[in-house]
Amino acid sequence: MTAHAAFDPDAEFVAPPLYTLRLTAAQRCVLDWIESYGGLFAAITVPVEDVADDVEHSESTVYEALARLTTLGLLVRNEAGSYRINARYVLSSNPDLRRLVAAALVDPPITPDSRAEAPRKVGNVDARRRRTIRSV
């Protein structure tokens with residue numbers, strides 16, 4: 001059995017700072033648009049025409065921005081053509097969240113015990129309701 005090195009979130013979840021990537025205004029706008037429409041948590045479809053209208057750039061500029069952001073790895077494109085923001089980017093820019101995720105990866109799993117699997121205790125009010133006989 002080989003010994004594994006301790007998990008270090010500061011070494012695992014690193015990304016270059018956003019300002020060093022020399023993003024254009026259009027690329028930043030597209031990244032912000034995807035983030036505001038839920039691209040942090042799930043893959044979303046990106047309607048280029050709507051994005052172009054919202055960020056006030058041409059459709060070709062939005063296509064170029066999507067291509068560059070995907071090439072850089074800031075966006076992850078799935079086989080269905082939907083995009084989501086790379087989680088490493090989010091974690092690298094938020095150290096508190098990075099520590100929380102790291103703790104979740106090394107903490108033991110939560111397992112129910114026998115008390116959790118026992119039937120729920122019936123309260124006094126519920127017990128009285130069951131004892132009363134109602135006419136039909």
# chains A, B, ... in the order shown; residues from 1 in each chain; ligands from 1
>>> closest_atom_pairs(of="range 50-120 of chain A", to="range 13-23 of chain A", cutoff="7 Å", atoms="only C-alpha atoms", output="JSON lines")
{"residue": "A:Arg88", "atom": "CA", "partner": "A:Phe13", "partner_atom": "CA", "distance": 5.6}
{"residue": "A:Tyr89", "atom": "CA", "partner": "A:Ala15", "partner_atom": "CA", "distance": 6.1}
{"residue": "A:Leu91", "atom": "CA", "partner": "A:Phe13", "partner_atom": "CA", "distance": 6.3}
{"residue": "A:Ser92", "atom": "CA", "partner": "A:Val14", "partner_atom": "CA", "distance": 5.2}
>>> write_last_selection(atoms="N, CA, C and O atoms", output="CSV table (one decimal), in the first residue's frame")
chain,number,residue,atom,x,y,z
A,88,ARG,N,-12.4,25.0,-10.7
A,88,ARG,CA,-11.0,25.4,-10.3
A,88,ARG,C,-10.9,26.9,-10.3
A,88,ARG,O,-10.2,27.5,-9.4
A,89,TYR,N,-11.5,27.5,-11.3
A,89,TYR,CA,-11.4,29.0,-11.3
A,89,TYR,C,-12.2,29.6,-10.1
A,89,TYR,O,-11.7,30.5,-9.5
A,91,LEU,N,-12.9,28.1,-7.2
A,91,LEU,CA,-12.2,27.8,-6.0
A,91,LEU,C,-10.9,28.6,-5.8
A,91,LEU,O,-10.5,29.0,-4.7
A,92,SER,N,-10.2,28.9,-6.9
A,92,SER,CA,-8.9,29.6,-6.8
A,92,SER,C,-9.2,31.1,-6.4
A,92,SER,O,-8.3,31.7,-5.8
>>> residues_around(residues="Tyr63 in chain A", least_positions_apart="4", cutoff="8 Å", atoms="only C-alpha atoms", output="number ranges by chain")
A: 48, 59, 67
>>> select_by_dssp(residues="range 16-110 of chain A", states="strand (DSSP E or B)", output="PyMOL selection string")
chain A and resi 44+75-77+83-85
>>> write_last_selection(atoms="all heavy atoms", output="PDB file, in the first residue's frame")
ATOM      1  N   ILE A  44     -25.076  25.198 -18.796  1.00  0.00           N
ATOM      2  CA  ILE A  44     -26.222  25.900 -19.377  1.00  0.00           C
ATOM      3  C   ILE A  44     -25.990  26.086 -20.871  1.00  0.00           C
ATOM      4  O   ILE A  44     -24.853  26.128 -21.332  1.00  0.00           O
ATOM      5  CB  ILE A  44     -26.456  27.278 -18.712  1.00  0.00           C
ATOM      6  CG1 ILE A  44     -25.244  28.185 -18.889  1.00  0.00           C
ATOM      7  CG2 ILE A  44     -26.784  27.120 -17.240  1.00  0.00           C
ATOM      8  CD1 ILE A  44     -25.493  29.630 -18.506  1.00  0.00           C
ATOM      9  N   LEU A  75     -14.001  27.971 -19.172  1.00  0.00           N
ATOM     10  CA  LEU A  75     -15.295  27.357 -19.444  1.00  0.00           C
ATOM     11  C   LEU A  75     -15.067  25.901 -19.814  1.00  0.00           C
ATOM     12  O   LEU A  75     -14.089  25.567 -20.479  1.00  0.00           O
ATOM     13  CB  LEU A  75     -16.011  28.059 -20.599  1.00  0.00           C
ATOM     14  CG  LEU A  75     -16.520  29.458 -20.355  1.00  0.00           C
ATOM     15  CD1 LEU A  75     -17.224  29.979 -21.610  1.00  0.00           C
ATOM     16  CD2 LEU A  75     -17.458  29.514 -19.176  1.00  0.00           C
ATOM     17  N   VAL A  76     -15.994  25.055 -19.395  1.00  0.00           N
ATOM     18  CA  VAL A  76     -15.967  23.641 -19.750  1.00  0.00           C
ATOM     19  C   VAL A  76     -17.193  23.387 -20.606  1.00  0.00           C
ATOM     20  O   VAL A  76     -18.320  23.691 -20.193  1.00  0.00           O
ATOM     21  CB  VAL A  76     -15.987  22.753 -18.481  1.00  0.00           C
ATOM     22  CG1 VAL A  76     -16.014  21.292 -18.854  1.00  0.00           C
ATOM     23  CG2 VAL A  76     -14.805  23.076 -17.591  1.00  0.00           C
ATOM     24  N   ARG A  77     -16.959  22.847 -21.806  1.00  0.00           N
ATOM     25  CA  ARG A  77     -18.062  22.568 -22.729  1.00  0.00           C
ATOM     26  C   ARG A  77     -18.316  21.074 -22.750  1.00  0.00           C
ATOM     27  O   ARG A  77     -17.386  20.274 -22.902  1.00  0.00           O
ATOM     28  CB  ARG A  77     -17.701  23.050 -24.130  1.00  0.00           C
ATOM     29  CG  ARG A  77     -18.822  22.909 -25.105  1.00  0.00           C
ATOM     30  CD  ARG A  77     -18.490  23.611 -26.404  1.00  0.00           C
ATOM     31  NE  ARG A  77     -19.667  23.632 -27.233  1.00  0.00           N
ATOM     32  CZ  ARG A  77     -19.699  23.200 -28.477  1.00  0.00           C
ATOM     33  NH1 ARG A  77     -18.597  22.757 -29.041  1.00  0.00           N
ATOM     34  NH2 ARG A  77     -20.812  23.241 -29.168  1.00  0.00           N
ATOM     35  N   TYR A  83     -22.310  24.997 -21.605  1.00  0.00           N
ATOM     36  CA  TYR A  83     -21.099  25.482 -20.943  1.00  0.00           C
ATOM     37  C   TYR A  83     -21.328  25.617 -19.447  1.00  0.00           C
ATOM     38  O   TYR A  83     -22.427  25.919 -19.003  1.00  0.00           O
ATOM     39  CB  TYR A  83     -20.712  26.865 -21.479  1.00  0.00           C
ATOM     40  CG  TYR A  83     -20.292  26.883 -22.920  1.00  0.00           C
ATOM     41  CD1 TYR A  83     -21.215  27.085 -23.936  1.00  0.00           C
ATOM     42  CD2 TYR A  83     -18.959  26.707 -23.271  1.00  0.00           C
ATOM     43  CE1 TYR A  83     -20.823  27.112 -25.258  1.00  0.00           C
ATOM     44  CE2 TYR A  83     -18.557  26.740 -24.591  1.00  0.00           C
ATOM     45  CZ  TYR A  83     -19.497  26.943 -25.583  1.00  0.00           C
ATOM     46  OH  TYR A  83     -19.104  26.967 -26.894  1.00  0.00           O
ATOM     47  N   ARG A  84     -20.255  25.415 -18.688  1.00  0.00           N
ATOM     48  CA  ARG A  84     -20.251  25.748 -17.275  1.00  0.00           C
ATOM     49  C   ARG A  84     -18.883  26.318 -16.939  1.00  0.00           C
ATOM     50  O   ARG A  84     -17.897  26.039 -17.611  1.00  0.00           O
ATOM     51  CB  ARG A  84     -20.583  24.555 -16.384  1.00  0.00           C
ATOM     52  CG  ARG A  84     -19.521  23.505 -16.305  1.00  0.00           C
ATOM     53  CD  ARG A  84     -19.810  22.460 -15.226  1.00  0.00           C
ATOM     54  NE  ARG A  84     -18.867  21.376 -15.320  1.00  0.00           N
ATOM     55  CZ  ARG A  84     -17.620  21.429 -14.848  1.00  0.00           C
ATOM     56  NH1 ARG A  84     -17.193  22.499 -14.225  1.00  0.00           N
ATOM     57  NH2 ARG A  84     -16.803  20.403 -14.998  1.00  0.00           N
ATOM     58  N   ILE A  85     -18.830  27.100 -15.869  1.00  0.00           N
ATOM     59  CA  ILE A  85     -17.582  27.711 -15.447  1.00  0.00           C
ATOM     60  C   ILE A  85     -16.754  26.661 -14.707  1.00  0.00           C
ATOM     61  O   ILE A  85     -17.281  25.897 -13.901  1.00  0.00           O
ATOM     62  CB  ILE A  85     -17.857  28.939 -14.573  1.00  0.00           C
ATOM     63  CG1 ILE A  85     -18.568  30.002 -15.418  1.00  0.00           C
ATOM     64  CG2 ILE A  85     -16.577  29.501 -13.988  1.00  0.00           C
ATOM     65  CD1 ILE A  85     -18.963  31.240 -14.672  1.00  0.00           C
TER      66      ILE A  85
END
>>> select_by_dssp(residues="range 58-107 of chain A", states="alpha helix (DSSP H)", output="number ranges by chain")
A: 59-72, 87-93, 95-106
>>> atom_distance(atom1="CA of Gln27 in chain A", atom2="CA of Phe41 in chain A")
19.6 Å
>>> atom_distance(atom1="CA of Thr45 in chain A", atom2="CA of Gly81 in chain A")
7.0 Å
